[in-house]
Amino acid sequence: MSATSKDGIPSIALEAALKPTSSSIDLSSHLVVHGHDFNKPGPVDYNALLNSYVSTGFQATHFGQACEQVKSMLENNSLIFFGYTSNMVSSGCRDIIRYLCQHKLIHVLVSTAGGIEEDFIKCLAPTYVGEFTLNGQQLRANGINRIGNLLVPNTNYCKFEDWLMPILDRFVDENENNCILTPSKLIEKLGREINNEESIYYWCAKNEIPVFCPAITDGSLGDMLYFHTYRKPGLKIDILEDLKRINNLAVHAKSTGMLILGGGIVKHHICNANLMRNGADYAVYINTGSEYDGSDSGASPDEAVSWGKIRSVAKPVKVHGDATLIFPLLVAQTFAQHMQKKSSTN
């Protein structure tokens with residue numbers, strides 16, 4: 001029969017439930033959990049609300065830590081590598097990325113083919129908000145493409161073809177049918193051609209911000225390049241020269257930061273470039289990927305540390321969540337405030 005306390009409670013249960021905290025672990029250096037106080041008089045202070053996230057817990061704390069990482073990148077004049085998947089440009093986050101490029105707040109961009117073409121397409125025709133549940137068969141019959149709950153009429157891609165093909169023709173003619181371009185040079189040229197201040201790549205071209213797209217053929221832009229090989233052969237894409245360029249940007253940087261929305265090739269391309277300098281000094285990932293399938297998209301920052309892609313002394317952060325929710329708030333708390341401080345001191 002098990003021992004009991006004077007109240008008749010089994011001793012083993014008391015010992016298990018009321019195990020004393022050891023003094024060998026010092027908790028005094030940890031933040032005390034505390035949320036925002038909405039009882040404060042006046043209008044809601046959204047800056048204070050977002051600042052409170054760091055002590056709120058769970059992914060709110062990761063958001064607060066991500067803000068601290070980005071602020072450190074800015075304070076230390078780090079070369080900021082910014083990666084984003086195509087859906088970010090399909091969404092309204094495109095306008096926030098454009099803001100960052102317009103004000104030279106990020107320095108090296110990496111995206112997918114969709115992340116390039118969607119920017120130009122939006123200069124030609126709009127994307128619409130729909131529903132996740134719209135029927136794919138009906139949409140296809142009506143020439144409408146669905147990206148999550150966004151809708152892109154297929155005529156938008158026809159307009160893109162009408163705009164792009166004569167430009168590619170001219171590139172080939174100007175180079176006597178032997179036109180060799182890197183993806184970054186092609187994107188720069190197209191950014192100048194679009195001549196539209198709403199475009200991400202207009203500002204990248206204007207501000208000499210390189211944009212890398214290692215999978216440039218994997219999208220509508222690739223479709224157009226494929227069609228163009230029949231229309232006017234001669235254009236060649238040199239991916240290796242861009243690899244050398246992005247790696248050397250990392251190698252020669254005194255300090256680097258990585259801010260990556262989503263996963264896949266854009267995430268790995270940036271991380272691998274930073275491997276060449278023995279890792280980035282700062283890193284923020286924002287995605288919903290799980291590490292338990294071994295994917296690069298889901299891989300944690302600590303996995304990147306094991307490869308030498310993030311430095312061992314760094315304090316990288318992954319925020320698990322939808323970037324369309326998190327990224328605008330992150331920019332509001334970091335880059336936008338940085339710009340406001342610069343403006344007030346000038």
# chains A, B, ... in the order shown; residues from 1 in each chain; ligands from 1
call {"tool": "select_by_dssp", "arguments": {"residues": "region 48-254 of chain A", "states": "strand (DSSP E or B)", "output": "number ranges by chain"}}
result
A: 79-84, 108-111, 128-129, 144-147, 150-153, 179-181, 211-212, 235-237
call {"tool": "write_last_selection", "arguments": {"atoms": "C-alpha atoms", "output": "tab-separated table (two decimals), in the first residue's frame"}}
result
chain	number	residue	atom	x	y	z
A	79	LEU	CA	23.77	43.34	-47.07
A	80	ILE	CA	20.17	42.09	-46.96
A	81	PHE	CA	19.29	39.10	-49.14
A	82	PHE	CA	15.52	39.06	-49.63
A	83	GLY	CA	13.83	35.95	-50.99
A	84	TYR	CA	10.17	35.46	-51.84
A	108	VAL	CA	19.80	41.41	-53.24
A	109	LEU	CA	16.55	39.79	-54.40
A	110	VAL	CA	15.88	36.15	-55.25
A	111	SER	CA	12.53	34.96	-56.60
A	128	TYR	CA	-8.68	39.90	-58.30
A	129	VAL	CA	-9.67	38.54	-54.88
A	144	ILE	CA	-9.56	32.16	-65.21
A	145	ASN	CA	-6.58	30.93	-63.18
A	146	ARG	CA	-6.76	30.57	-59.39
A	147	ILE	CA	-3.85	31.25	-57.02
A	150	LEU	CA	-6.79	35.13	-56.00
A	151	LEU	CA	-8.01	35.13	-59.59
A	152	VAL	CA	-5.95	35.92	-62.69
A	153	PRO	CA	-7.77	36.11	-66.05
A	179	CYS	CA	22.06	37.29	-77.44
A	180	ILE	CA	23.40	35.90	-74.14
A	181	LEU	CA	21.80	37.25	-70.98
A	211	VAL	CA	17.39	40.28	-58.90
A	212	PHE	CA	18.28	36.61	-59.24
A	235	LEU	CA	18.45	34.25	-77.09
A	236	LYS	CA	20.46	32.24	-74.53
A	237	ILE	CA	20.22	32.40	-70.74
call {"tool": "residues_around", "arguments": {"residues": "region 223-230 of chain A", "least_positions_apart": "3", "cutoff": "8 Å", "atoms": "only C-alpha atoms", "output": "VMD selection string"}}
result
chain A and resid 161 164 to 165 168 217 to 220 233 to 235
call {"tool": "select_by_dssp", "arguments": {"residues": "region 208-318 of chain A", "states": "helix (DSSP H, G or I)", "output": "PyMOL selection string"}}
result
chain A and resi 220-231+239-251+265-275+291-293+301-307
call {"tool": "write_last_selection", "arguments": {"atoms": "N, CA and C atoms", "output": "compact mmCIF listing (two decimals), in the first residue's frame"}}
result
# COMPACT_ATOMS: atom_id res chain seq x y z
N SER A 220 5.28 31.26 -66.51
CA SER A 220 4.83 31.86 -67.77
C SER A 220 5.99 32.51 -68.52
N LEU A 221 6.91 33.11 -67.78
CA LEU A 221 8.08 33.70 -68.42
C LEU A 221 8.87 32.64 -69.18
N GLY A 222 8.99 31.46 -68.59
CA GLY A 222 9.64 30.35 -69.28
C GLY A 222 8.86 29.91 -70.50
N ASP A 223 7.53 29.92 -70.39
CA ASP A 223 6.70 29.59 -71.56
C ASP A 223 7.00 30.54 -72.71
N MET A 224 7.09 31.83 -72.38
CA MET A 224 7.34 32.84 -73.42
C MET A 224 8.74 32.65 -74.03
N LEU A 225 9.72 32.34 -73.19
CA LEU A 225 11.07 32.09 -73.70
C LEU A 225 11.08 30.86 -74.60
N TYR A 226 10.31 29.85 -74.23
CA TYR A 226 10.19 28.64 -75.05
C TYR A 226 9.57 28.98 -76.40
N PHE A 227 8.45 29.70 -76.38
CA PHE A 227 7.80 30.09 -77.64
C PHE A 227 8.74 30.93 -78.51
N HIS A 228 9.55 31.75 -77.85
CA HIS A 228 10.42 32.66 -78.60
C HIS A 228 11.53 31.91 -79.33
N THR A 229 11.90 30.73 -78.85
CA THR A 229 12.92 29.95 -79.57
C THR A 229 12.45 29.54 -80.96
N TYR A 230 11.13 29.46 -81.15
CA TYR A 230 10.56 29.17 -82.47
C TYR A 230 10.38 30.45 -83.28
N ARG A 231 9.99 31.49 -82.60
CA ARG A 231 9.69 32.77 -83.26
C ARG A 231 10.95 33.44 -83.79
N ILE A 239 22.91 30.95 -66.67
CA ILE A 239 22.62 30.85 -65.24
C ILE A 239 23.91 30.86 -64.41
N LEU A 240 24.97 30.28 -64.93
CA LEU A 240 26.22 30.14 -64.17
C LEU A 240 26.81 31.50 -63.80
N GLU A 241 26.75 32.46 -64.71
CA GLU A 241 27.31 33.78 -64.42
C GLU A 241 26.57 34.44 -63.26
N ASP A 242 25.27 34.20 -63.17
CA ASP A 242 24.50 34.73 -62.04
C ASP A 242 24.86 34.04 -60.74
N LEU A 243 25.14 32.75 -60.80
CA LEU A 243 25.56 32.03 -59.60
C LEU A 243 26.85 32.63 -59.06
N LYS A 244 27.78 32.89 -59.94
CA LYS A 244 29.04 33.52 -59.54
C LYS A 244 28.79 34.89 -58.92
N ARG A 245 27.87 35.63 -59.52
CA ARG A 245 27.59 36.99 -59.06
C ARG A 245 26.98 37.01 -57.66
N ILE A 246 25.97 36.17 -57.41
CA ILE A 246 25.33 36.18 -56.10
C ILE A 246 26.26 35.64 -55.02
N ASN A 247 27.03 34.61 -55.36
CA ASN A 247 27.99 34.07 -54.39
C ASN A 247 29.04 35.11 -54.01
N ASN A 248 29.52 35.85 -55.00
CA ASN A 248 30.54 36.87 -54.72
C ASN A 248 29.99 38.04 -53.92
N LEU A 249 28.72 38.36 -54.13
CA LEU A 249 28.10 39.40 -53.30
C LEU A 249 28.14 39.00 -51.83
N ALA A 250 27.87 37.73 -51.55
CA ALA A 250 27.92 37.25 -50.18
C ALA A 250 29.35 37.20 -49.66
N VAL A 251 30.25 36.68 -50.47
CA VAL A 251 31.66 36.51 -50.05
C VAL A 251 32.28 37.84 -49.64
N ILE A 265 13.39 26.89 -53.77
CA ILE A 265 14.63 27.31 -54.40
C ILE A 265 15.09 28.69 -53.95
N VAL A 266 14.15 29.61 -53.67
CA VAL A 266 14.59 30.95 -53.27
C VAL A 266 15.27 30.90 -51.90
N LYS A 267 14.76 30.08 -51.03
CA LYS A 267 15.34 29.93 -49.69
C LYS A 267 16.72 29.31 -49.77
N HIS A 268 16.82 28.23 -50.52
CA HIS A 268 18.11 27.54 -50.59
C HIS A 268 19.14 28.35 -51.35
N HIS A 269 18.74 29.06 -52.40
CA HIS A 269 19.69 29.82 -53.21
C HIS A 269 20.36 30.91 -52.36
N ILE A 270 19.59 31.56 -51.52
CA ILE A 270 20.14 32.59 -50.63
C ILE A 270 21.02 31.96 -49.56
N CYS A 271 20.53 30.89 -48.96
CA CYS A 271 21.32 30.22 -47.91
C CYS A 271 22.64 29.70 -48.46
N ASN A 272 22.59 29.13 -49.67
CA ASN A 272 23.81 28.56 -50.24
C ASN A 272 24.82 29.63 -50.60
N ALA A 273 24.35 30.80 -51.05
CA ALA A 273 25.27 31.91 -51.31
C ALA A 273 25.96 32.33 -50.02
N ASN A 274 25.22 32.34 -48.92
CA ASN A 274 25.80 32.74 -47.64
C ASN A 274 26.71 31.68 -47.05
N LEU A 275 26.54 30.43 -47.48
CA LEU A 275 27.50 29.39 -47.11
C LEU A 275 28.90 29.77 -47.55
N GLU A 291 9.42 20.79 -40.78
CA GLU A 291 10.73 20.18 -40.97
C GLU A 291 10.70 18.66 -40.96
N TYR A 292 9.56 18.08 -40.61
CA TYR A 292 9.53 16.63 -40.38
C TYR A 292 9.46 15.79 -41.65
N ASP A 293 9.35 16.44 -42.81
CA ASP A 293 9.43 15.69 -44.06
C ASP A 293 10.80 15.83 -44.71
N PRO A 301 16.07 27.15 -39.05
CA PRO A 301 17.34 27.88 -39.11
C PRO A 301 18.50 27.08 -38.52
N ASP A 302 18.23 26.28 -37.48
CA ASP A 302 19.31 25.51 -36.87
C ASP A 302 19.87 24.48 -37.83
N GLU A 303 19.04 23.95 -38.72
CA GLU A 303 19.56 23.03 -39.74
C GLU A 303 20.53 23.76 -40.65
N ALA A 304 20.22 25.02 -40.99
CA ALA A 304 21.12 25.83 -41.81
C ALA A 304 22.44 26.09 -41.09
N VAL A 305 22.38 26.23 -39.76
CA VAL A 305 23.62 26.39 -38.97
C VAL A 305 24.51 25.17 -39.15
N SER A 306 23.90 23.98 -39.18
CA SER A 306 24.69 22.75 -39.32
C SER A 306 25.44 22.69 -40.64
N TRP A 307 24.91 23.37 -41.66
CA TRP A 307 25.55 23.39 -42.99
C TRP A 307 26.53 24.56 -43.14
call {"tool": "residues_around", "arguments": {"residues": "Ile187 (chain A)", "least_positions_apart": "3", "cutoff": "8 Å", "atoms": "only C-alpha atoms", "output": "PDB file with C-alpha atoms, in the first residue's frame"}}
result
ATOM      1  CA  ILE A 116       9.097  38.038 -61.868  1.00  0.00           C
ATOM      2  CA  PRO A 183      18.506  36.028 -65.640  1.00  0.00           C
ATOM      3  CA  SER A 184      19.453  39.080 -63.550  1.00  0.00           C
ATOM      4  CA  LEU A 190      12.598  44.245 -68.462  1.00  0.00           C
ATOM      5  CA  GLY A 191      12.416  46.511 -65.411  1.00  0.00           C
ATOM      6  CA  TYR A 201      11.660  45.563 -61.008  1.00  0.00           C
ATOM      7  CA  VAL A 211      17.388  40.280 -58.898  1.00  0.00           C
TER       8      VAL A 211
END
call {"tool": "closest_residue", "arguments": {"among": "A:Val33, A:Asp95, A:Ala141, A:Tyr46", "to": "Thr61 (chain A)", "atoms": "only C-alpha atoms"}}
result
A:Val33
